[in-house]
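One structure is given below, encoded as structure tokens.
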Amino acid sequence: MNSVIKLCGLSKREDILRANELNPEFVGFVFYQKSKRNVTAKEAKEFRQELNKSIKAVGVFVDEPVANIERLFEEGIIDVAQLHGSEDETCIAELKNKGIPVIKAFNVAEESFLEKAMKSSADFVMFDSGKGCGRTFDLKVLEGFDRPFFIAGGLDPKNVRQIIKSVHPYGVDVSSGIETGKAKDFEKMKEFVENVRREDYQYDGNGRFGRHGGQFIPETLMNAVIELEEAYLKYRDDTDFNRELTELLNEYAGRPSRLYYAEKMTKDLGGAKIYLKREDLNHTGSHKINNVLGQALLARKMGKKRLIAETGAGQHGVATATAAALLGMECVVFMGKEDTERQALNVYRMRLLGAEVIPVTTGTATLKDAVSECMREWTKRIDDTHYCLGSVMGPHPFPTIVRDFQAVISREIKQQIMEKEGKLPDAVIACVGGGSNAMGSFYNFIQDESVRLIGCEAAGRGIDTFETAATVNTGKPGIFHGMKSYFCQDEYGQIAPVYSISAGLDYPGIGPEHAYLHDIGRAEYVPVTDEEAVEAFEYLSRTEGIIPAIESAHAVAYARKLAPKMGKDEIIVITISGRGDKDCAAIARYRGEDIHE
Amino acid sequence: MSKISEAFNNKKAFIPFITCGDPDIETTKKIIGELVKNGADLIELGIPFSDPTAEGPVIQSANVRALSKGITTDDIFEMVAGIRSSVPVPMVFMTYANVVFSYGMDRFFLRCKETGMDGIILPDVPYEEKADFDRSAAANGIDFISMVAPTSKERIQKIAAEAKGFIYVVSSLGVTGVRKSVSGNISDIVSSIRKATDIPCAIGFGISEPKQAREMADISDGAIVGSAIVRIIGEYGTDAPSHVGEFVKAMKDALSA
């Protein structure tokens with residue numbers, strides 16, 4: 001259960017209006033002349049009239065005569081009395097006799113405050129690090145304290161969740177932590193309330209991520225995904241399987257990938273320190289190989305002899321063709337006709353690797369249609385075929401399997417950044433289509449709430465146009481491609497023909513776990529336009545001598561906006577999901593230059 | 001007993017499928033008239049979806065044709081409301097989860113009830129995901145039709161135990177579309193279903209000729225024919241109704257013989 005919230009020290013009419021909007025359980029009026037937040041009975045009366053009826057008003061007092069408190073209560077100005085002075089049990093008893101609920105505050109600097117609090121006859125007790133002095137105290141002393149309590153003093157939007165997690169208070173009380181320059185700051189108030197109320201990340205293991213996920217596929221495929229789940233659960237923790245996979249990832253794919261300090265970019269942007277997670281250096285040139293090696297090994301364990309895969313930019317197709325070649329499996333890749341044209345080089349690579357590439361002409365002839373065609377193909381031939389899905393999407397168990405195989409990215413980032421900087425990054429940024437490199441980059445940081453997780457969606461020509469693929473920013477909940485998630489669609493649920501310069505992000509949906517991280521506010525999803533991505537593509541090439549995939553350039557673009565706003569002691573990690581060689585011809589065309597490969 | 005089961009009373013049911021709005025709503029109405037006239041026992045009306053992942057090329061094209069004219073779910077409800085009184089046989093919708101979900105499940109099934117529909121087939125909503133749809137459909141007297149596939153194996157019992165209306169037996173692997181032959185184990189599937197329920201079983205996917213329909217109906221309670229009809233509509237467009245009528249008559253005669 002969430003802790004209740006008390007926003008304390010409201011002293012202006014606008015504070016009340018803001019509180020009404022945020023709807024905390026309690027607000028506090030300070031009746032203590034020495035306080036800068038002191039209010040008169042008359043002011044408080046007006047505030048109470050403006051305040052939502054559902055919010056309880058707490059009067060905060062320091063050794064105030066009982067009669068005064070009683071009067072405020074009788075007049076309906078306050079609902080609860082909070083006592084911060086040396087009020088004794090007699091005083092509390094008097095108030096309680098009048099039917100006034102009492103919160104008794106205990107200064108944690110006081111001797112044996114825990115014992116006193118335990119014995120107090122007040123309805124609630126509060127632990128305060130000292131009358132609004134804004135310091136927090138060592139929370140460990142509260143371990144084992146066995147009655148509901150409020151906690152106050154030094155709380156702010158940033159630390160409140162950590163405090164809630166460590167001591168599970170009944171209520172959190174905040175005043176100076178939601179102020180800027182001695183006045184209440186609405187943004188901080190809002191952030192505080194949201195952070196207290198935010199649902200915790202929970203994964204039930206059944207392919208549900210909050211209201212998203214599931215298995216919306218034809219009956220014909222149900223036993224295939226059930227079998228896949230059983231096999232995955234069996235091999236996930238199997239020592240031999242993991243040894244084999246790790247060896248392939250390290251010796252064949254070249255892991256761990258580097259975490260590179262982009263010094264020139266950092267200096268140029270003049271803010272946060274920027275590190276690049278170099279998934280582009282993996283064999284086959286992108287993060288896709290991480291998942292593919294895992295799935296291909298799993299498929300082989302399941303006795304499958306044939307891999308089928310969808311591909312957008314061709315990176316997943318190339319990775320699948322590569323794994324198939326290595327493991328001696330047959331491979332068929334479905335690719336939108338449109339994409340076979342804009343990513344001709346990758347089509348050739350796949351064929352060179354021995355895969356059959358089938359251009360898909362249905363629908364918009366892009367990634368979404370390639371996924372549909374793959375699903376159709378799988379229903380035709382299941383016995384010997386594994387559908388090697390390339391992103392954290394589709395029916396359960398794919399979003400979980402792909403996430404787990406990609407989680408190596410954040411596992412490495414965490415270790416590498418601790419070695420280099422001795423602390424966690426402040427933000428991790430990755431591009432999101434279906435969302436596999438982003439999920440891999442985020443996963444091991446989900447529980448580290450100080451780390452901002454930022455997914456960059458392809459806005460195409462802008463989220464206010466129809467030529468966009470920014471699913472979280474422009475889509476709504478739907479059911480498609482086996483999962484419940486966010487999708488770009490019209491009012492009748494017809495899937496929208498999305499657009500992005502990047503074939504890999506040109507998809508109308510997003511993986512269900514991302515949809516959930518968005519719902520609970522744990523990750524942010526920001527739109528990045530074609531133009532911004534192309535500029536970032538050029539920028540990283542020029543500045544660091546690294547040509548990123550146009551997909552990854554979306555993440556670079558957002559980092560360019562964010563880094564200057566952050567402090568020099570803060571750290572951003574950008575996942576460079578793939579290399580940009582494949583995009584050179586298209587970017588040249590975008591810039592009006594026609595090159596012949 | 002639901003109205004759907006009447007379609008199977010003392011006869012082998014012939015169940016034609018068409019995509020609404022292909023090539024336009026007026027033609028769809030005329031085709032429905034022909035289906036009724038030539039002996040359809042239950043009619044499956046497809047609400048087009050942009051990305052029908054369980055369909056082969058023939059029905060995919062029908063979806064594209066219908067949507068390119070801007071047809072909407074509301075247009076289809078309106079059409080059904082207009083013709084329902086002249087169609088004596090039960091009618092069910094066939095569409096995809098997102099069409100229903102985005103319309104609002106309760107709102108969708110209420111409209112189904114108001115317009116006189118009897119059931120719903122959603123090929124991308126398997127047993128594990130049906131609860132919400134089934135609840136909302138049932139509350140409006142609409143049967144949620146379950147599908148059983150050649151790969152269903154031990155799942156058949158639980159699917160059949162909760163089935164309503166009729167069971168849609170998928171004849172073979174793959175997507176919808178005309179096939180020369182259908183897979184071999186259908187009689188086994190049907191007898192397995194019979195152990196769990198008395199609800200009628202109709203076989204679909206790949207049936208295009210009167211002889212096939214007869215064979216399928218012999219081992220079950222009816223035959224569903226989609227792609228073969230939709231192909232005729234694709235070929236003849238607005239002139240399709242009479243051609244569809246002839247085809248349906250031949251199929252129905254084979255089943256009644």
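The chains in the structure tokens are called A, B, ... from first to last as shown; in each chain the residues are counted from 1, and the ligands are counted from 1 in the order shown.
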
Residues of range 166-275 of chain A that have any atom at most 12 Å from an atom of range 129-133 of chain B: could you tabulate them with the shortest-distance atom pair and the distance in Å to one decimal, using only C-alpha atoms, ordered by chain and increasing number, as CSV?
residue,atom,partner,partner_atom,distance
A:Gly207,CA,B:Glu129,CA,11.8
A:Arg208,CA,B:Glu129,CA,11.4
A:His212,CA,B:Glu129,CA,12.0
A:Gly213,CA,B:Glu129,CA,10.6
A:Gly214,CA,B:Glu129,CA,7.3
A:Gln215,CA,B:Glu129,CA,6.8
A:Phe216,CA,B:Glu129,CA,6.8
A:Ile217,CA,B:Glu129,CA,9.2
A:Pro218,CA,B:Glu129,CA,10.8
A:Glu219,CA,B:Glu129,CA,10.7
A:Met222,CA,B:Glu129,CA,11.1

Picked from range 105-217 of chain B by DSSP as strand (DSSP E or B), as a ChimeraX atom specification: /B:119-121,143-148,167-170,201-204

Nearest-residue call for chain B, choices A:Val360, A:Met302, A:Leu505, A:Ile571, using only C-alpha atoms: A:Val360

Return as CSV the residues of chain B lying at most 10 Å from chain A, together with the closest atom-to-atom pair for each and the distance in Å to one decimal, counting only C-alpha atoms, with rows in chain order and ascending residue number.
residue,atom,partner,partner_atom,distance
B:Pro48,CA,A:Gln494,CA,8.8
B:Phe49,CA,A:Gln494,CA,6.0
B:Ser50,CA,A:Gln494,CA,5.3
B:Asp51,CA,A:Ile495,CA,7.1
B:Pro52,CA,A:Ser372,CA,8.0
B:Thr53,CA,A:Ser372,CA,5.4
B:Ala54,CA,A:Arg376,CA,6.4
B:Glu55,CA,A:Arg376,CA,7.8
B:Gly56,CA,A:Arg376,CA,8.0
B:Pro57,CA,A:Thr362,CA,8.8
B:Gln60,CA,A:Thr362,CA,8.4
B:Ser61,CA,A:Thr362,CA,8.8
B:Val64,CA,A:Gly363,CA,8.1
B:Leu67,CA,A:Gln494,CA,9.1
B:Ile71,CA,A:Tyr492,CA,10.0
B:Thr72,CA,A:Tyr492,CA,6.8
B:Thr73,CA,A:Tyr492,CA,6.7
B:Asp74,CA,A:Tyr492,CA,8.8
B:Tyr96,CA,A:Phe480,CA,8.7
B:Ala97,CA,A:Ile479,CA,6.2
B:Asn98,CA,A:Ile479,CA,4.9
B:Val99,CA,A:Gly493,CA,5.1
B:Val100,CA,A:Gly493,CA,8.0
B:Phe101,CA,A:Gly478,CA,6.7
B:Ser102,CA,A:Gly493,CA,5.1
B:Tyr103,CA,A:Tyr492,CA,6.1
B:Gly104,CA,A:Tyr492,CA,9.7
B:Leu122,CA,A:Pro218,CA,8.7
B:Pro123,CA,A:Pro218,CA,5.3
B:Asp124,CA,A:Ile217,CA,4.3
B:Val125,CA,A:Phe216,CA,5.2
B:Pro126,CA,A:Glu219,CA,5.4
B:Tyr127,CA,A:Glu219,CA,7.8
B:Glu128,CA,A:Gln215,CA,7.4
B:Glu129,CA,A:Phe216,CA,6.8
B:Lys130,CA,A:Phe216,CA,9.3
B:Ser146,CA,A:Glu219,CA,9.1
B:Met147,CA,A:Glu219,CA,6.6
B:Val148,CA,A:Glu219,CA,6.5
B:Ala149,CA,A:Thr220,CA,5.1
B:Pro150,CA,A:Thr220,CA,6.9
B:Thr151,CA,A:Thr220,CA,5.6
B:Ser152,CA,A:Thr220,CA,6.7
B:Lys153,CA,A:Asn223,CA,8.4
B:Glu154,CA,A:Asn223,CA,9.4
B:Arg155,CA,A:Asn223,CA,8.4
B:Val170,CA,A:Thr220,CA,8.2
B:Ser172,CA,A:Lys380,CA,8.5
B:Leu173,CA,A:Lys380,CA,5.0
B:Gly174,CA,A:Lys380,CA,3.6
B:Val175,CA,A:Arg376,CA,6.2
B:Thr176,CA,A:Arg376,CA,9.7

Residue neighbourhood range 190-195 of chain B, 8 Å, only C-alpha atoms, exclusion window fewer than 3 positions, as a VMD selection string: chain B and resid 156 to 157 160 169 186 to 187 198 201 219 to 220

Those same residues - N, CA and C atoms - I'd like them written as a PDB file, in the first residue's frame.
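result_19.pdb, written as the output of this step:
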ATOM      1  N   ILE B 156      -7.728 -29.414 -26.524  1.00  0.00           N
ATOM      2  CA  ILE B 156      -9.081 -29.561 -27.066  1.00  0.00           C
ATOM      3  C   ILE B 156     -10.125 -29.673 -25.962  1.00  0.00           C
ATOM      4  N   GLN B 157      -9.809 -30.469 -24.940  1.00  0.00           N
ATOM      5  CA  GLN B 157     -10.801 -30.723 -23.887  1.00  0.00           C
ATOM      6  C   GLN B 157     -11.244 -29.444 -23.189  1.00  0.00           C
ATOM      7  N   ALA B 160     -13.167 -27.114 -25.645  1.00  0.00           N
ATOM      8  CA  ALA B 160     -14.502 -27.614 -25.954  1.00  0.00           C
ATOM      9  C   ALA B 160     -15.444 -27.471 -24.760  1.00  0.00           C
ATOM     10  N   VAL B 169     -13.534 -25.679 -36.258  1.00  0.00           N
ATOM     11  CA  VAL B 169     -12.395 -26.591 -36.360  1.00  0.00           C
ATOM     12  C   VAL B 169     -11.532 -26.172 -37.547  1.00  0.00           C
ATOM     13  N   ILE B 186      -8.577 -34.717 -38.907  1.00  0.00           N
ATOM     14  CA  ILE B 186      -9.761 -33.960 -38.482  1.00  0.00           C
ATOM     15  C   ILE B 186     -10.787 -34.822 -37.756  1.00  0.00           C
ATOM     16  N   SER B 187     -10.980 -36.059 -38.237  1.00  0.00           N
ATOM     17  CA  SER B 187     -11.982 -36.902 -37.545  1.00  0.00           C
ATOM     18  C   SER B 187     -11.555 -37.161 -36.115  1.00  0.00           C
ATOM     19  N   ASP B 198     -21.446 -31.388 -26.661  1.00  0.00           N
ATOM     20  CA  ASP B 198     -22.365 -31.740 -27.746  1.00  0.00           C
ATOM     21  C   ASP B 198     -22.493 -30.604 -28.745  1.00  0.00           C
ATOM     22  N   CYS B 201     -19.777 -28.945 -34.432  1.00  0.00           N
ATOM     23  CA  CYS B 201     -18.450 -28.603 -34.949  1.00  0.00           C
ATOM     24  C   CYS B 201     -18.555 -28.316 -36.436  1.00  0.00           C
ATOM     25  N   ILE B 219     -17.799 -35.729 -41.612  1.00  0.00           N
ATOM     26  CA  ILE B 219     -17.132 -36.042 -40.350  1.00  0.00           C
ATOM     27  C   ILE B 219     -17.406 -34.999 -39.274  1.00  0.00           C
ATOM     28  N   SER B 220     -18.272 -34.015 -39.588  1.00  0.00           N
ATOM     29  CA  SER B 220     -18.580 -32.997 -38.574  1.00  0.00           C
ATOM     30  C   SER B 220     -20.034 -32.562 -38.740  1.00  0.00           C
TER      31      SER B 220
END

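Between CA of Asp594 in chain A and CA of Ser577 in chain A the separation is 26.2 Å.
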
Filtered DSSP result for range 120-212 of chain B, state alpha helix (DSSP H), as a ChimeraX atom specification: /B:131-139,156-161,186-196,210-212

Output file for the selection above: N, CA, C and O atoms, as a compact mmCIF listing (two decimals), in the first residue's frame:
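result34.txt written:
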# COMPACT_ATOMS: atom_id res chain seq x y z
N ALA B 131 -11.34 -14.54 -21.71
CA ALA B 131 -12.24 -14.24 -20.59
C ALA B 131 -12.97 -12.90 -20.72
O ALA B 131 -14.20 -12.86 -20.63
N ASP B 132 -12.22 -11.82 -20.93
CA ASP B 132 -12.86 -10.49 -20.99
C ASP B 132 -13.85 -10.39 -22.15
O ASP B 132 -14.94 -9.83 -22.01
N PHE B 133 -13.43 -10.92 -23.31
CA PHE B 133 -14.29 -10.85 -24.49
C PHE B 133 -15.55 -11.69 -24.26
O PHE B 133 -16.66 -11.26 -24.54
N ASP B 134 -15.34 -12.89 -23.73
CA ASP B 134 -16.43 -13.82 -23.52
C ASP B 134 -17.46 -13.24 -22.54
O ASP B 134 -18.67 -13.30 -22.76
N ARG B 135 -16.95 -12.65 -21.47
CA ARG B 135 -17.83 -12.09 -20.44
C ARG B 135 -18.72 -10.99 -21.04
O ARG B 135 -19.93 -10.98 -20.87
N SER B 136 -18.05 -10.08 -21.77
CA SER B 136 -18.79 -8.97 -22.35
C SER B 136 -19.77 -9.45 -23.42
O SER B 136 -20.91 -8.97 -23.50
N ALA B 137 -19.35 -10.42 -24.22
CA ALA B 137 -20.22 -10.96 -25.27
C ALA B 137 -21.43 -11.65 -24.64
O ALA B 137 -22.57 -11.39 -25.02
N ALA B 138 -21.16 -12.49 -23.65
CA ALA B 138 -22.23 -13.25 -23.01
C ALA B 138 -23.26 -12.33 -22.37
O ALA B 138 -24.46 -12.58 -22.43
N ALA B 139 -22.76 -11.23 -21.78
CA ALA B 139 -23.67 -10.28 -21.13
C ALA B 139 -24.67 -9.70 -22.13
O ALA B 139 -25.73 -9.22 -21.77
N ILE B 156 -7.73 -29.41 -26.52
CA ILE B 156 -9.08 -29.56 -27.07
C ILE B 156 -10.12 -29.67 -25.96
O ILE B 156 -11.16 -29.02 -26.00
N GLN B 157 -9.81 -30.47 -24.94
CA GLN B 157 -10.80 -30.72 -23.89
C GLN B 157 -11.24 -29.44 -23.19
O GLN B 157 -12.43 -29.20 -23.02
N LYS B 158 -10.26 -28.63 -22.80
CA LYS B 158 -10.66 -27.42 -22.05
C LYS B 158 -11.34 -26.40 -22.96
O LYS B 158 -12.25 -25.70 -22.55
N ILE B 159 -10.89 -26.34 -24.21
CA ILE B 159 -11.52 -25.40 -25.14
C ILE B 159 -12.97 -25.82 -25.37
O ILE B 159 -13.90 -25.02 -25.25
N ALA B 160 -13.17 -27.11 -25.64
CA ALA B 160 -14.50 -27.61 -25.95
C ALA B 160 -15.44 -27.47 -24.76
O ALA B 160 -16.61 -27.13 -24.91
N ALA B 161 -14.88 -27.70 -23.56
CA ALA B 161 -15.72 -27.66 -22.36
C ALA B 161 -16.37 -26.29 -22.17
O ALA B 161 -17.45 -26.17 -21.61
N ILE B 186 -8.58 -34.72 -38.91
CA ILE B 186 -9.76 -33.96 -38.48
C ILE B 186 -10.79 -34.82 -37.76
O ILE B 186 -11.38 -34.39 -36.77
N SER B 187 -10.98 -36.06 -38.24
CA SER B 187 -11.98 -36.90 -37.54
C SER B 187 -11.55 -37.16 -36.12
O SER B 187 -12.39 -37.20 -35.21
N ASP B 188 -10.23 -37.31 -35.91
CA ASP B 188 -9.74 -37.49 -34.54
C ASP B 188 -10.05 -36.27 -33.68
O ASP B 188 -10.45 -36.39 -32.53
N ILE B 189 -9.83 -35.08 -34.30
CA ILE B 189 -10.09 -33.85 -33.55
C ILE B 189 -11.56 -33.77 -33.18
O ILE B 189 -11.93 -33.49 -32.03
N VAL B 190 -12.43 -34.07 -34.17
CA VAL B 190 -13.87 -33.99 -33.91
C VAL B 190 -14.28 -34.99 -32.83
O VAL B 190 -15.03 -34.64 -31.90
N SER B 191 -13.75 -36.21 -32.89
CA SER B 191 -14.17 -37.16 -31.85
C SER B 191 -13.64 -36.76 -30.47
O SER B 191 -14.28 -37.01 -29.45
N SER B 192 -12.48 -36.11 -30.48
CA SER B 192 -11.96 -35.61 -29.21
C SER B 192 -12.86 -34.51 -28.64
O SER B 192 -13.13 -34.47 -27.44
N ILE B 193 -13.34 -33.65 -29.52
CA ILE B 193 -14.27 -32.59 -29.08
C ILE B 193 -15.55 -33.21 -28.53
O ILE B 193 -16.08 -32.80 -27.51
N ARG B 194 -16.02 -34.22 -29.23
CA ARG B 194 -17.27 -34.89 -28.84
C ARG B 194 -17.24 -35.42 -27.41
O ARG B 194 -18.27 -35.54 -26.76
N LYS B 195 -16.03 -35.74 -26.94
CA LYS B 195 -15.92 -36.25 -25.57
C LYS B 195 -16.24 -35.18 -24.56
O LYS B 195 -16.61 -35.45 -23.43
N ALA B 196 -16.04 -33.91 -24.96
CA ALA B 196 -16.22 -32.83 -23.99
C ALA B 196 -17.53 -32.07 -24.15
O ALA B 196 -18.00 -31.45 -23.20
N PRO B 210 -17.39 -28.48 -53.76
CA PRO B 210 -18.54 -29.18 -53.18
C PRO B 210 -18.14 -30.54 -52.58
O PRO B 210 -18.60 -30.90 -51.50
N LYS B 211 -17.24 -31.23 -53.26
CA LYS B 211 -16.86 -32.56 -52.80
C LYS B 211 -16.14 -32.49 -51.44
O LYS B 211 -16.43 -33.27 -50.53
N GLN B 212 -15.23 -31.51 -51.35
CA GLN B 212 -14.51 -31.31 -50.08
C GLN B 212 -15.50 -30.97 -48.96
O GLN B 212 -15.40 -31.48 -47.85

Residue neighbourhood Ala223 in chain B, 12 Å, only C-alpha atoms, exclusion window fewer than 6 positions, as a PyMOL selection string: chain B and resi 7-8+11-17+40-44+166-171+200-217+248+251-252+254-256
